[in-house]
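Reproduced below: query39.txt, with compact mmCIF, C-alpha atoms (C1' of nucleotides).
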```txt
# COMPACT_ATOMS: atom_id res chain seq x y z
CA MET A 1 81.15 93.07 127.40
CA ARG A 2 83.12 94.69 124.64
CA PRO A 3 86.14 96.77 125.68
CA LYS A 4 87.22 100.27 124.85
CA ALA A 5 87.27 100.01 121.07
CA SER A 6 85.40 102.14 118.56
CA SER A 7 82.69 104.57 119.62
CA GLY A 8 84.99 106.67 121.76
CA ASP A 9 87.36 109.58 121.38
CA GLY A 10 90.18 108.02 123.34
CA ARG A 11 92.95 109.31 121.11
CA LYS A 12 96.51 109.46 122.31
CA THR A 13 98.51 110.28 119.22
CA ALA A 14 101.36 111.49 121.38
CA ALA A 15 101.63 115.06 120.17
CA GLY A 16 98.63 117.24 119.61
CA GLN A 17 98.36 116.34 115.96
CA ALA A 18 94.93 115.88 114.55
CA PRO A 19 94.43 112.12 114.92
CA MET A 20 94.01 111.64 111.19
CA ARG A 21 90.84 110.81 109.41
CA GLU A 22 88.57 108.53 111.39
CA PHE A 23 89.99 105.23 110.28
CA SER A 24 86.87 103.45 109.13
CA ARG A 25 86.09 106.38 106.83
CA SER A 26 89.31 106.38 104.85
CA LEU A 27 88.71 106.05 101.15
CA PRO A 28 90.57 102.76 100.72
CA MET A 29 88.59 101.24 103.56
CA SER A 30 85.30 102.48 102.14
CA LEU A 31 86.13 101.02 98.76
CA MET A 32 87.21 97.74 100.26
CA ARG A 33 84.14 97.42 102.42
CA ALA A 34 81.84 98.28 99.54
CA ARG A 35 83.51 95.71 97.33
CA GLU A 36 83.28 93.06 100.00
CA ALA A 37 79.60 93.86 100.52
CA VAL A 38 79.10 93.22 96.81
CA MET A 39 81.21 90.11 96.48
CA ARG A 40 79.66 88.50 99.51
CA HIS A 41 76.59 87.93 97.38
CA PHE A 42 78.40 86.46 94.40
CA ARG A 43 80.80 84.13 96.14
CA PRO A 44 78.34 81.40 97.21
CA SER A 45 77.19 80.89 93.64
CA LEU A 46 80.74 80.84 92.30
CA ARG A 47 81.86 78.54 95.05
CA ALA A 48 78.97 76.20 94.33
CA HIS A 49 80.34 75.90 90.81
CA GLY A 50 83.91 75.36 91.96
CA LEU A 51 85.19 78.77 90.93
CA THR A 52 87.08 81.43 92.78
CA GLU A 53 86.50 85.07 92.10
CA GLN A 54 89.65 85.35 90.00
CA GLN A 55 88.94 82.23 88.00
CA TRP A 56 85.52 83.64 87.25
CA ARG A 57 87.01 86.94 86.12
CA ILE A 58 89.22 85.09 83.67
CA LEU A 59 86.50 82.88 82.24
CA ARG A 60 84.15 85.84 82.10
CA ALA A 61 86.65 87.87 80.12
CA LEU A 62 87.41 84.97 77.80
CA SER A 63 83.74 84.27 77.15
CA ALA A 64 83.40 87.52 75.24
CA ILE A 65 86.26 86.99 72.81
CA ASP A 66 87.80 84.36 70.63
CA SER A 67 91.27 84.37 72.08
CA ILE A 68 93.62 86.73 73.81
CA GLU A 69 97.27 86.92 74.67
CA VAL A 70 98.31 86.32 78.25
CA THR A 71 99.55 89.85 78.82
CA ASP A 72 96.34 91.36 77.52
CA LEU A 73 94.30 88.96 79.62
CA ALA A 74 96.19 90.13 82.65
CA HIS A 75 95.09 93.69 81.93
CA VAL A 76 91.49 92.79 81.20
CA ALA A 77 91.03 90.52 84.21
CA TYR A 78 93.07 92.86 86.37
CA LEU A 79 95.50 90.24 87.59
CA LEU A 80 99.24 90.27 87.90
CA GLY A 81 101.28 87.98 85.69
CA PRO A 82 102.30 85.48 88.34
CA SER A 83 98.74 85.02 89.64
CA LEU A 84 97.44 84.66 86.13
CA SER A 85 100.12 82.14 85.28
CA ARG A 86 99.14 79.91 88.18
CA ILE A 87 95.43 80.20 87.58
CA LEU A 88 95.76 79.46 83.87
CA ARG A 89 97.71 76.33 84.71
CA ASP A 90 94.84 75.21 86.90
CA LEU A 91 92.06 76.15 84.48
CA GLU A 92 93.89 74.39 81.68
CA SER A 93 94.22 71.20 83.72
CA ARG A 94 90.46 71.37 84.26
CA ARG A 95 89.95 71.75 80.51
CA LEU A 96 88.11 75.04 80.96
CA ILE A 97 90.59 76.92 78.80
CA GLU A 98 93.08 76.13 76.05
CA ARG A 99 96.42 77.66 75.26
CA LYS A 100 98.36 78.04 72.05
CA THR A 101 101.72 79.52 71.31
CA VAL A 102 101.89 82.37 68.84
CA LYS A 103 103.75 81.05 65.82
CA SER A 104 105.29 84.37 64.94
CA ASP A 105 106.64 84.90 68.47
CA LEU A 106 107.22 81.81 70.57
CA ARG A 107 107.40 83.85 73.75
CA ARG A 108 103.75 84.78 73.51
CA GLY A 109 100.83 82.54 74.28
CA THR A 110 97.15 82.92 73.56
CA VAL A 111 94.31 81.70 75.70
CA SER A 112 90.77 80.78 74.77
CA ILE A 113 87.81 79.30 76.57
CA THR A 114 86.68 75.75 75.80
CA ALA A 115 83.16 74.50 75.22
CA LYS A 116 83.25 73.12 78.74
CA GLY A 117 84.27 76.53 80.02
CA LEU A 118 81.45 78.21 78.14
CA LYS A 119 78.99 75.73 79.57
CA LEU A 120 80.16 76.60 83.04
CA ILE A 121 79.80 80.31 82.31
CA GLU A 122 76.28 79.76 81.09
CA ALA A 123 75.44 77.85 84.24
CA VAL A 124 76.67 80.60 86.54
CA ALA A 125 75.71 83.73 84.60
CA PRO A 126 71.97 83.63 85.33
CA HIS A 127 72.64 83.57 89.08
CA SER A 128 75.01 86.49 88.76
CA GLU A 129 72.62 88.49 86.68
CA ALA A 130 69.80 87.86 89.12
CA ILE A 131 71.92 89.04 92.00
CA TYR A 132 73.08 92.06 90.07
CA ALA A 133 69.49 92.90 89.24
CA GLU A 134 68.47 92.64 92.87
CA MET A 135 71.30 94.92 93.89
CA THR A 136 70.32 97.44 91.25
CA LYS A 137 66.73 97.39 92.40
CA ARG A 138 67.68 97.92 96.03
CA TYR A 139 70.31 100.58 95.54
CA GLY A 140 68.66 102.28 92.61
CA ALA A 141 69.67 102.06 88.97
CA GLN A 142 70.42 105.74 88.64
CA LYS A 143 72.45 105.85 91.82
CA LEU A 144 74.38 102.82 90.71
CA ALA A 145 75.18 104.40 87.37
CA ASP A 146 76.24 107.59 89.13
CA LEU A 147 78.45 105.62 91.48
CA GLN A 148 80.14 103.87 88.58
CA ASP A 149 80.77 107.18 86.88
CA MET A 150 82.25 108.65 90.03
CA LEU A 151 84.47 105.61 90.50
CA HIS A 152 85.74 105.78 86.95
CA LEU A 153 86.36 109.49 87.28
CA LEU A 154 88.26 108.92 90.49
CA GLU A 155 90.31 106.24 88.81
CA SER A 156 91.35 108.35 85.84
CA CYS A 157 91.89 111.32 88.11
CA LEU A 158 94.29 109.35 90.28
CA LEU A 159 96.01 107.68 87.38
CA ALA A 160 96.82 111.17 86.12
CA MET A 161 98.26 112.13 89.48
CA PRO A 162 101.99 111.47 89.72
CA VAL A 163 103.08 108.89 92.28
CA ARG A 164 105.44 110.51 94.74
CA GLY A 165 108.60 108.87 95.97
CA ASP A 166 108.32 106.02 93.53
CA GLU A 167 111.52 106.41 91.52
CA ALA A 168 114.30 107.77 93.70
CA ALA A 169 113.44 108.48 97.30
CA ASP A 170 117.00 108.50 98.63
CA ASP A 171 116.64 111.29 101.12
CA GLU A 172 114.01 109.61 103.27
CA MET B 1 100.31 94.69 67.21
CA ARG B 2 97.70 93.93 69.81
CA PRO B 3 95.26 91.11 69.03
CA LYS B 4 91.52 90.98 69.05
CA ALA B 5 90.89 91.92 72.65
CA SER B 6 88.83 94.79 74.01
CA SER B 7 87.46 97.51 71.75
CA GLY B 8 85.33 95.17 69.68
CA ASP B 9 81.93 93.51 69.80
CA GLY B 10 83.18 90.05 69.00
CA ARG B 11 80.85 88.22 71.32
CA LYS B 12 80.19 84.52 70.97
CA THR B 13 78.31 83.54 74.07
CA ALA B 14 77.05 80.46 72.28
CA ALA B 15 73.32 81.13 72.57
CA GLY B 16 71.86 84.50 71.81
CA GLN B 17 71.95 85.60 75.41
CA ALA B 18 72.89 89.16 76.08
CA PRO B 19 76.64 88.84 76.69
CA MET B 20 76.37 90.22 80.20
CA ARG B 21 77.51 93.55 81.39
CA GLU B 22 80.65 94.76 79.66
CA PHE B 23 83.17 93.14 81.92
CA SER B 24 85.35 96.10 82.79
CA ARG B 25 82.27 97.99 84.00
CA SER B 26 81.06 95.48 86.53
CA LEU B 27 80.69 96.98 89.95
CA PRO B 28 83.27 94.77 91.68
CA MET B 29 85.81 95.61 88.99
CA SER B 30 85.10 99.31 89.25
CA LEU B 31 85.54 99.21 93.01
CA MET B 32 88.72 97.22 92.76
CA ARG B 33 90.23 99.47 90.13
CA ALA B 34 89.32 102.58 92.07
CA ARG B 35 90.87 101.18 95.21
CA GLU B 36 94.01 100.19 93.40
CA ALA B 37 94.24 103.67 91.88
CA VAL B 38 94.15 105.06 95.41
CA MET B 39 96.52 102.61 97.05
CA ARG B 40 99.08 102.98 94.30
CA HIS B 41 99.88 106.38 95.77
CA PHE B 42 100.17 105.21 99.36
CA ARG B 43 102.19 102.07 98.90
CA PRO B 44 105.58 103.64 98.11
CA SER B 45 105.55 105.61 101.34
CA LEU B 46 104.46 102.61 103.39
CA ARG B 47 107.00 100.41 101.70
CA ALA B 48 109.74 102.94 102.37
CA HIS B 49 108.93 102.55 106.05
CA GLY B 50 108.86 98.78 105.91
CA LEU B 51 105.11 98.42 106.22
CA THR B 52 102.54 96.57 104.18
CA GLU B 53 99.09 97.91 103.69
CA GLN B 54 97.63 95.56 106.27
CA GLN B 55 100.30 96.24 108.86
CA TRP B 56 99.59 99.93 108.41
CA ARG B 57 95.87 99.38 108.88
CA ILE B 58 96.57 97.65 112.18
CA LEU B 59 98.97 100.24 113.53
CA ARG B 60 96.69 102.99 112.33
CA ALA B 61 93.74 101.50 114.18
CA LEU B 62 95.80 100.93 117.32
CA SER B 63 97.16 104.47 117.32
CA ALA B 64 93.75 105.87 118.14
CA ILE B 65 93.04 103.73 121.17
CA ASP B 66 94.67 102.41 124.29
CA SER B 67 94.19 98.72 123.68
CA ILE B 68 91.79 96.43 121.94
CA GLU B 69 90.96 92.76 121.89
CA VAL B 70 92.11 90.70 118.94
CA THR B 71 88.60 89.96 117.70
CA ASP B 72 87.63 93.61 117.80
CA LEU B 73 90.83 94.59 116.04
CA ALA B 74 89.95 92.15 113.28
CA HIS B 75 86.68 94.00 112.76
CA VAL B 76 88.19 97.46 112.91
CA ALA B 77 91.12 96.70 110.59
CA TYR B 78 88.90 94.56 108.37
CA LEU B 79 91.10 91.49 108.49
CA LEU B 80 90.28 87.85 109.02
CA GLY B 81 91.49 86.15 112.14
CA PRO B 82 94.23 84.05 110.59
CA SER B 83 95.75 86.99 108.72
CA LEU B 84 95.61 89.11 111.81
CA SER B 85 97.19 86.39 113.89
CA ARG B 86 100.18 86.15 111.56
CA ILE B 87 100.62 89.89 111.24
CA LEU B 88 100.42 90.45 114.98
CA ARG B 89 103.12 87.84 115.49
CA ASP B 90 105.34 89.78 113.11
CA LEU B 91 104.55 93.23 114.50
CA GLU B 92 105.17 91.95 118.00
CA SER B 93 108.56 90.58 117.05
CA ARG B 94 109.40 94.00 115.67
CA ARG B 95 108.31 95.58 118.94
CA LEU B 96 105.73 97.74 117.23
CA ILE B 97 102.89 96.30 119.28
CA GLU B 98 102.45 94.55 122.63
CA ARG B 99 100.06 91.84 123.69
CA LYS B 100 98.55 90.94 127.00
CA THR B 101 96.21 88.21 128.05
CA VAL B 102 92.94 89.19 129.63
CA LYS B 103 93.07 88.01 133.22
CA SER B 104 89.38 87.35 133.50
CA ASP B 105 89.36 85.20 130.33
CA LEU B 106 92.59 83.56 129.35
CA ARG B 107 91.33 82.88 125.84
CA ARG B 108 91.23 86.55 125.00
CA GLY B 109 94.19 88.76 124.25
CA THR B 110 94.53 92.50 124.00
CA VAL B 111 96.82 94.41 121.70
CA SER B 112 98.30 97.86 122.05
CA ILE B 113 100.78 99.93 120.11
CA THR B 114 104.23 100.61 121.56
CA ALA B 115 106.11 103.89 121.67
CA LYS B 116 108.18 102.62 118.76
CA GLY B 117 105.01 101.88 116.85
CA LEU B 118 103.65 105.34 117.54
CA LYS B 119 106.89 106.86 116.34
CA LEU B 120 106.56 104.95 113.10
CA ILE B 121 102.99 106.13 112.68
CA GLU B 122 104.06 109.69 113.22
CA ALA B 123 106.76 109.31 110.60
CA VAL B 124 104.38 107.99 107.97
CA ALA B 125 101.23 109.96 108.71
CA PRO B 126 102.36 113.30 107.22
CA HIS B 127 103.08 111.62 103.88
CA SER B 128 99.69 109.95 103.90
CA GLU B 129 97.90 113.14 104.79
CA ALA B 130 99.70 115.04 102.04
CA ILE B 131 98.74 112.44 99.49
CA TYR B 132 95.18 112.40 100.71
CA ALA B 133 95.05 116.17 100.47
CA GLU B 134 96.34 116.10 96.92
CA MET B 135 93.74 113.53 95.97
CA THR B 136 91.01 115.61 97.53
CA LYS B 137 92.16 118.68 95.66
CA ARG B 138 92.23 116.87 92.35
CA TYR B 139 89.00 114.98 92.66
CA GLY B 140 87.11 117.63 94.57
CA ALA B 141 86.29 117.65 98.25
CA GLN B 142 82.55 117.66 97.73
CA LYS B 143 82.66 114.88 95.18
CA LEU B 144 84.85 112.84 97.46
CA ALA B 145 82.42 113.26 100.33
CA ASP B 146 79.54 112.32 98.05
CA LEU B 147 81.40 109.26 96.88
CA GLN B 148 82.02 108.14 100.44
CA ASP B 149 78.36 108.58 101.26
CA MET B 150 77.32 106.57 98.25
CA LEU B 151 79.77 103.83 99.12
CA HIS B 152 78.54 103.62 102.68
CA LEU B 153 74.96 103.59 101.50
CA LEU B 154 75.76 100.80 99.07
CA GLU B 155 77.44 98.86 101.82
CA SER B 156 74.54 99.06 104.25
CA CYS B 157 72.12 98.44 101.43
CA LEU B 158 73.87 95.22 100.48
CA LEU B 159 74.41 94.10 104.05
CA ALA B 160 70.65 94.28 104.42
CA MET B 161 70.14 92.16 101.33
CA PRO B 162 69.94 88.44 102.10
CA VAL B 163 72.66 86.26 100.65
CA ARG B 164 71.13 83.65 98.40
CA GLY B 165 72.21 80.03 98.40
CA ASP B 166 74.43 80.47 101.38
CA GLU B 167 72.91 77.98 103.82
CA ALA B 168 71.54 74.96 102.00
CA ALA B 169 71.91 74.84 98.24
CA ASP B 170 71.38 71.12 97.80
CA ASP B 171 69.40 71.17 94.58
CA GLU B 172 72.12 72.72 92.44
C1' DG C 1 81.85 68.45 139.78
C1' DC C 2 82.04 66.99 135.20
C1' DA C 3 81.05 65.80 130.53
C1' DA C 4 79.25 68.26 126.63
C1' DT C 5 79.20 72.37 124.32
C1' DA C 6 80.60 76.95 123.03
C1' DT C 7 84.04 80.58 122.34
C1' DG C 8 88.67 83.14 121.31
C1' DA C 9 92.70 82.52 119.14
C1' DT C 10 95.93 80.04 116.52
C1' DT C 11 97.53 76.71 113.14
C1' DA C 12 97.04 74.19 108.71
C1' DA C 13 96.49 74.06 103.93
C1' DC C 14 95.88 75.98 99.79
C1' DA C 15 94.85 80.11 96.50
C1' DT C 16 96.15 84.67 95.41
C1' DG C 17 98.89 89.29 95.73
C1' DT C 18 103.36 91.05 95.11
C1' DT C 19 108.17 91.84 93.94
C1' DA C 20 112.34 89.89 92.18
C1' DA C 21 114.76 86.59 89.52
C1' DA C 22 115.06 83.16 86.03
C1' DT C 23 113.80 81.26 81.45
C1' DT C 24 113.14 81.44 76.89
C1' DG C 25 112.79 83.75 72.70
C1' DT C 26 113.43 88.13 69.94
C1' DT C 27 115.63 92.26 68.35
C1' DT C 28 119.53 95.24 67.59
C1' DG C 29 124.14 97.21 66.92
C1' DG C 30 128.33 96.22 65.37
C1' DC D 1 126.35 86.48 62.33
C1' DC D 2 126.70 87.27 67.18
C1' DA D 3 126.83 89.29 71.67
C1' DA D 4 124.15 92.43 74.21
C1' DA D 5 119.87 94.35 75.21
C1' DC D 6 115.04 93.63 75.36
C1' DA D 7 110.45 91.28 75.92
C1' DA D 8 106.82 87.63 77.34
C1' DT D 9 106.12 84.37 80.51
C1' DT D 10 107.03 81.61 84.28
C1' DT D 11 109.12 80.41 88.70
C1' DA D 12 110.58 81.67 93.39
C1' DA D 13 109.77 83.49 97.79
C1' DC D 14 107.16 85.45 100.98
C1' DA D 15 102.77 88.03 102.73
C1' DT D 16 97.91 87.82 102.80
C1' DG D 17 93.01 85.90 101.86
C1' DT D 18 90.16 82.13 102.97
C1' DT D 19 88.07 78.00 104.94
C1' DA D 20 88.59 74.25 107.99
C1' DA D 21 90.64 72.18 111.89
C1' DT D 22 92.90 72.50 116.29
C1' DC D 23 93.92 74.09 120.98
C1' DA D 24 92.99 76.11 125.20
C1' DT D 25 89.76 78.02 128.10
C1' DA D 26 84.80 79.04 129.60
C1' DT D 27 80.23 78.05 130.18
C1' DT D 28 76.23 75.02 130.68
C1' DG D 29 73.33 71.27 131.89
C1' DC D 30 72.88 67.54 134.41
```
I'd like the structure from this file rewritten - as C-alpha cells, please.
Amino acid sequence: MRPKASSGDGRKTAAGQAPMREFSRSLPMSLMRAREAVMRHFRPSLRAHGLTEQQWRILRALSAIDSIEVTDLAHVAYLLGPSLSRILRDLESRRLIERKTVKSDLRRGTVSITAKGLKLIEAVAPHSEAIYAEMTKRYGAQKLADLQDMLHLLESCLLAMPVRGDEAADDE
Amino acid sequence: MRPKASSGDGRKTAAGQAPMREFSRSLPMSLMRAREAVMRHFRPSLRAHGLTEQQWRILRALSAIDSIEVTDLAHVAYLLGPSLSRILRDLESRRLIERKTVKSDLRRGTVSITAKGLKLIEAVAPHSEAIYAEMTKRYGAQKLADLQDMLHLLESCLLAMPVRGDEAADDE
DNA sequence: GCAATATGATTAACATGTTAAATTGTTTGG
DNA sequence: CCAAACAATTTAACATGTTAATCATATTGC
C-alpha cells in the first residue's frame, strides 16, 4: 500500500519550468548508488576484521610503501586532515601503524604500517580480491576497464572546469 | 621535497603476493573521486543558499511530488532513517517542509515541501542546471549518457550478486 | 480481548565528513 | 635576532553515516 511516490509524473514545480532531471538519474546519485553497490560487498569482510572502510583505505595505502607523511597520506587515501588525524590516533592505539616525527621539520609526521598491520592486511586481502574478481566476472573485465577510464576522464575533465561562485559571490 | 610516496614501485607486501590493484585505481576510489569532482561544483551554490547536499537531495525529491512517507523518502533520497530523521527535524524547523501523521496508521508520517521550500528550490535550480549543462558540454553528452548507463548496469549487476559472509560467518 | 510479535519512526552512541580555529614549528623581512 | 607571515597538524564544533536500541502503534495468534 505504497503512496504516491516515484513512478508517476505528479510534478508541481510551481511555474512551468522543466522539473529538472529525473532525480534518481542525476550524476551524483548514480555515482553514489554505484559506489554503495560495490562497497556493500566489501563491508562485511572488513567489519569481520574490525575495520571501517576508511581504516582499510589507510592500511591499504600504507601496505605498499615504507612510510609517508600525513599530508601525503591524506591525498592518497582521499581523506581530509581532521578525519585522518582521528583515525590515525585510533590505528596507532591498536598498534596497526606507527608514527615518527620528521627530524628536519618537527611539524611533519610520518606514518608507517606495523607488522601487525601487515598481518591484518594479508588476512583481509584475499577476501577482497575474490570479491573483486567476482565483480569483474559478472560485469565484464572490458566494461569495467572502460568504466574506470570514463570515470578518470570525467574526473580530470571536471577538475579542469573552474568552480563558479567559489571565491567572491557577493552579488547573490 | 615530497617523500617516497606514489610514483614508485616500492612494494613490500611481506610475501611475494601481487601487491593488489594499484590503490588509486580501485573501483570504489574511482567512483568516490568522480563523485567528489562533480559535487565540488555544486556545493558552493548550495552552501550559498544555506543547504547541505543531503538537505538539497530531500527538497529536490519533495519538489516533484505532493507528499511522501518518511520510509519512501529515505529510499528516494538515498538516506538512512536516522540521518533523514535529523534532517527532517531541521528542515521542519526552518519551515521548508511540513509533516503530517497518517490517520490510518499513526506510526507513519508523510512529508511535503512548503511554498518557502519550493521558492528555495527555484532559486537554486537554475545554478544547478547551468553547472550540469557546462559539465555535459565539457565531458560530452553522449559520453555522459553512456557513463550513466554503465553505472546503472553496474549497480543492478552488483545488487544481483550475493553478499558473501553477511549472515553467518562464524568460522572466521 | 490480549499477550506476543512485527513495523515505522526516532533516539542513542560512536565514526567520519567538513569548515574554522588553535597549536606548534618554520621561514622571512627588516 | 625577532616579529610577522606561513605551514603541518590537531582540535573544535556541528552535520551526516551507521548500527543498535527504544518507543509507539499495528497486527496476529490464541
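Counting from C1' of DG29 (chain C), the distance to C1' of DA8 (chain D) is 22.4 Å.
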**Request:** Return as number ranges by chain the residues belonging to chain B that are within 12 Å of chain C, counting only C-alpha atoms (C1' of nucleotides).
**Result:** B: 43, 47, 52-53, 69-72, 74, 80-86, 88-89, 101-102, 105-110
Within 9 Å of chain A, which residues of chain D show up when using all atoms listed in the file, listed as a compact mmCIF listing (two decimals) with C-alpha atoms (C1' of nucleotides), in the coordinates of the input?
```txt
# COMPACT_ATOMS: atom_id res chain seq x y z
C1' DA D 7 110.45 91.28 75.92
C1' DA D 8 106.82 87.63 77.34
C1' DT D 9 106.12 84.37 80.51
C1' DT D 10 107.03 81.61 84.28
C1' DT D 11 109.12 80.41 88.70
```
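Atom pair CA of Lys103 (chain A) / CA of Gln55 (chain A): separated by 26.7 Å.
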Mobile chain B placed on reference chain A by ordered C-alpha fit, as a short mmCIF file (atom, residue, chain, number, x, y, z; two decimals) with C-alpha atoms, keeping the file's coordinate frame:
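Wrote superposed-v5.cif, looks like this:
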```cif
data_model
loop_
_atom_site.label_atom_id
_atom_site.label_comp_id
_atom_site.auth_asym_id
_atom_site.auth_seq_id
_atom_site.Cartn_x
_atom_site.Cartn_y
_atom_site.Cartn_z
CA MET B 1 81.31 93.26 127.43
CA ARG B 2 83.21 94.89 124.62
CA PRO B 3 86.28 96.93 125.58
CA LYS B 4 87.28 100.45 124.77
CA ALA B 5 87.32 100.23 121.01
CA SER B 6 85.38 102.30 118.50
CA SER B 7 82.63 104.68 119.58
CA GLY B 8 84.89 106.86 121.69
CA ASP B 9 87.28 109.76 121.28
CA GLY B 10 90.10 108.20 123.24
CA ARG B 11 92.88 109.47 121.05
CA LYS B 12 96.46 109.56 122.23
CA THR B 13 98.51 110.33 119.18
CA ALA B 14 101.33 111.48 121.41
CA ALA B 15 101.63 115.05 120.14
CA GLY B 16 98.61 117.21 119.62
CA GLN B 17 98.34 116.34 115.96
CA ALA B 18 94.89 115.87 114.58
CA PRO B 19 94.45 112.10 114.92
CA MET B 20 93.98 111.64 111.20
CA ARG B 21 90.81 110.81 109.43
CA GLU B 22 88.56 108.51 111.42
CA PHE B 23 90.00 105.23 110.29
CA SER B 24 86.87 103.43 109.15
CA ARG B 25 86.07 106.35 106.83
CA SER B 26 89.28 106.38 104.87
CA LEU B 27 88.70 106.05 101.18
CA PRO B 28 90.57 102.76 100.72
CA MET B 29 88.59 101.23 103.58
CA SER B 30 85.31 102.46 102.18
CA LEU B 31 86.12 101.01 98.78
CA MET B 32 87.21 97.73 100.25
CA ARG B 33 84.15 97.39 102.44
CA ALA B 34 81.84 98.26 99.58
CA ARG B 35 83.49 95.70 97.35
CA GLU B 36 83.30 93.05 100.01
CA ALA B 37 79.62 93.84 100.54
CA VAL B 38 79.09 93.20 96.84
CA MET B 39 81.22 90.09 96.48
CA ARG B 40 79.67 88.48 99.52
CA HIS B 41 76.58 87.90 97.40
CA PHE B 42 78.41 86.45 94.42
CA ARG B 43 80.81 84.13 96.14
CA PRO B 44 78.36 81.40 97.21
CA SER B 45 77.21 80.89 93.64
CA LEU B 46 80.75 80.85 92.29
CA ARG B 47 81.88 78.53 95.03
CA ALA B 48 78.99 76.18 94.32
CA HIS B 49 80.35 75.88 90.80
CA GLY B 50 83.91 75.34 91.93
CA LEU B 51 85.19 78.75 90.92
CA THR B 52 87.10 81.42 92.76
CA GLU B 53 86.53 85.05 92.10
CA GLN B 54 89.66 85.33 90.00
CA GLN B 55 88.96 82.22 87.97
CA TRP B 56 85.53 83.64 87.24
CA ARG B 57 87.02 86.94 86.13
CA ILE B 58 89.22 85.09 83.66
CA LEU B 59 86.50 82.89 82.22
CA ARG B 60 84.17 85.84 82.10
CA ALA B 61 86.67 87.88 80.12
CA LEU B 62 87.42 84.98 77.78
CA SER B 63 83.75 84.30 77.13
CA ALA B 64 83.39 87.54 75.23
CA ILE B 65 86.25 87.03 72.81
CA ASP B 66 87.80 84.41 70.60
CA SER B 67 91.28 84.40 72.07
CA ILE B 68 93.63 86.76 73.79
CA GLU B 69 97.29 86.93 74.65
CA VAL B 70 98.32 86.29 78.22
CA THR B 71 99.57 89.82 78.81
CA ASP B 72 96.36 91.34 77.52
CA LEU B 73 94.30 88.95 79.61
CA ALA B 74 96.22 90.12 82.66
CA HIS B 75 95.11 93.67 81.93
CA VAL B 76 91.52 92.79 81.18
CA ALA B 77 91.04 90.52 84.21
CA TYR B 78 93.10 92.86 86.38
CA LEU B 79 95.52 90.22 87.58
CA LEU B 80 99.28 90.23 87.89
CA GLY B 81 101.29 87.95 85.69
CA PRO B 82 102.30 85.42 88.32
CA SER B 83 98.75 84.99 89.61
CA LEU B 84 97.45 84.64 86.11
CA SER B 85 100.12 82.11 85.24
CA ARG B 86 99.14 79.87 88.15
CA ILE B 87 95.42 80.18 87.53
CA LEU B 88 95.75 79.45 83.83
CA ARG B 89 97.71 76.31 84.65
CA ASP B 90 94.83 75.19 86.85
CA LEU B 91 92.05 76.15 84.44
CA GLU B 92 93.89 74.39 81.64
CA SER B 93 94.18 71.20 83.65
CA ARG B 94 90.45 71.37 84.20
CA ARG B 95 89.92 71.78 80.47
CA LEU B 96 88.10 75.06 80.92
CA ILE B 97 90.58 76.94 78.76
CA GLU B 98 93.07 76.15 76.00
CA ARG B 99 96.43 77.66 75.21
CA LYS B 100 98.36 78.04 72.02
CA THR B 101 101.72 79.51 71.26
CA VAL B 102 101.90 82.34 68.80
CA LYS B 103 103.77 81.04 65.78
CA SER B 104 105.32 84.35 64.88
CA ASP B 105 106.67 84.86 68.43
CA LEU B 106 107.26 81.79 70.51
CA ARG B 107 107.43 83.82 73.70
CA ARG B 108 103.79 84.77 73.47
CA GLY B 109 100.84 82.55 74.23
CA THR B 110 97.16 82.93 73.53
CA VAL B 111 94.31 81.71 75.67
CA SER B 112 90.78 80.80 74.73
CA ILE B 113 87.81 79.34 76.54
CA THR B 114 86.68 75.79 75.75
CA ALA B 115 83.16 74.54 75.17
CA LYS B 116 83.24 73.15 78.70
CA GLY B 117 84.26 76.55 79.99
CA LEU B 118 81.45 78.24 78.11
CA LYS B 119 78.99 75.76 79.54
CA LEU B 120 80.17 76.62 83.02
CA ILE B 121 79.80 80.32 82.31
CA GLU B 122 76.29 79.77 81.07
CA ALA B 123 75.45 77.86 84.23
CA VAL B 124 76.68 80.60 86.52
CA ALA B 125 75.71 83.72 84.60
CA PRO B 126 71.96 83.62 85.34
CA HIS B 127 72.65 83.56 89.09
CA SER B 128 75.03 86.48 88.78
CA GLU B 129 72.62 88.48 86.68
CA ALA B 130 69.79 87.85 89.14
CA ILE B 131 71.92 89.00 92.03
CA TYR B 132 73.06 92.04 90.11
CA ALA B 133 69.47 92.87 89.29
CA GLU B 134 68.45 92.60 92.91
CA MET B 135 71.29 94.88 93.93
CA THR B 136 70.30 97.40 91.30
CA LYS B 137 66.71 97.34 92.48
CA ARG B 138 67.68 97.87 96.08
CA TYR B 139 70.30 100.52 95.60
CA GLY B 140 68.64 102.24 92.67
CA ALA B 141 69.62 102.02 89.04
CA GLN B 142 70.37 105.71 88.70
CA LYS B 143 72.42 105.82 91.87
CA LEU B 144 74.34 102.78 90.76
CA ALA B 145 75.14 104.37 87.43
CA ASP B 146 76.20 107.56 89.18
CA LEU B 147 78.41 105.59 91.52
CA GLN B 148 80.11 103.85 88.62
CA ASP B 149 80.73 107.17 86.93
CA MET B 150 82.21 108.63 90.06
CA LEU B 151 84.43 105.60 90.53
CA HIS B 152 85.69 105.76 86.98
CA LEU B 153 86.30 109.47 87.31
CA LEU B 154 88.22 108.90 90.51
CA GLU B 155 90.27 106.23 88.83
CA SER B 156 91.29 108.35 85.86
CA CYS B 157 91.83 111.30 88.14
CA LEU B 158 94.26 109.35 90.29
CA LEU B 159 95.98 107.68 87.36
CA ALA B 160 96.77 111.17 86.14
CA MET B 161 98.22 112.13 89.50
CA PRO B 162 101.96 111.48 89.74
CA VAL B 163 103.07 108.92 92.29
CA ARG B 164 105.41 110.54 94.77
CA GLY B 165 108.58 108.90 95.98
CA ASP B 166 108.30 106.06 93.56
CA GLU B 167 111.55 106.41 91.61
CA ALA B 168 114.33 107.69 93.84
CA ALA B 169 113.54 108.34 97.47
CA ASP B 170 117.09 108.33 98.78
CA ASP B 171 116.80 111.08 101.34
CA GLU B 172 114.23 109.35 103.53
#
```
**Prompt:** Leaving out Met135 (chain A) and any residue of its chain fewer than 6 positions from it, which residues lie within 12 Å of it when counting only C-alpha atoms (C1' of nucleotides), given as a list in words?
**Reply:** Ala37, Val38, Met39, Arg40, His41, Phe42, Ser128, Glu129, Ala141, Lys143 and Leu144 of chain A; Leu27, Leu154, Glu155, Ser156, Cys157, Leu158, Leu159, Ala160, Met161, Pro162 and Val163 of chain B
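Distance check against chain A using all atoms listed in the file: of B:Ala130, B:Ala145, B:Ile87, B:Leu151, the minimum falls on B:Leu151.
If all atoms listed in the file are the atoms counted, then among B:Gln54, B:Ser45, B:Ser93, B:Ser104 the closest residue to chain A is B:Ser45.
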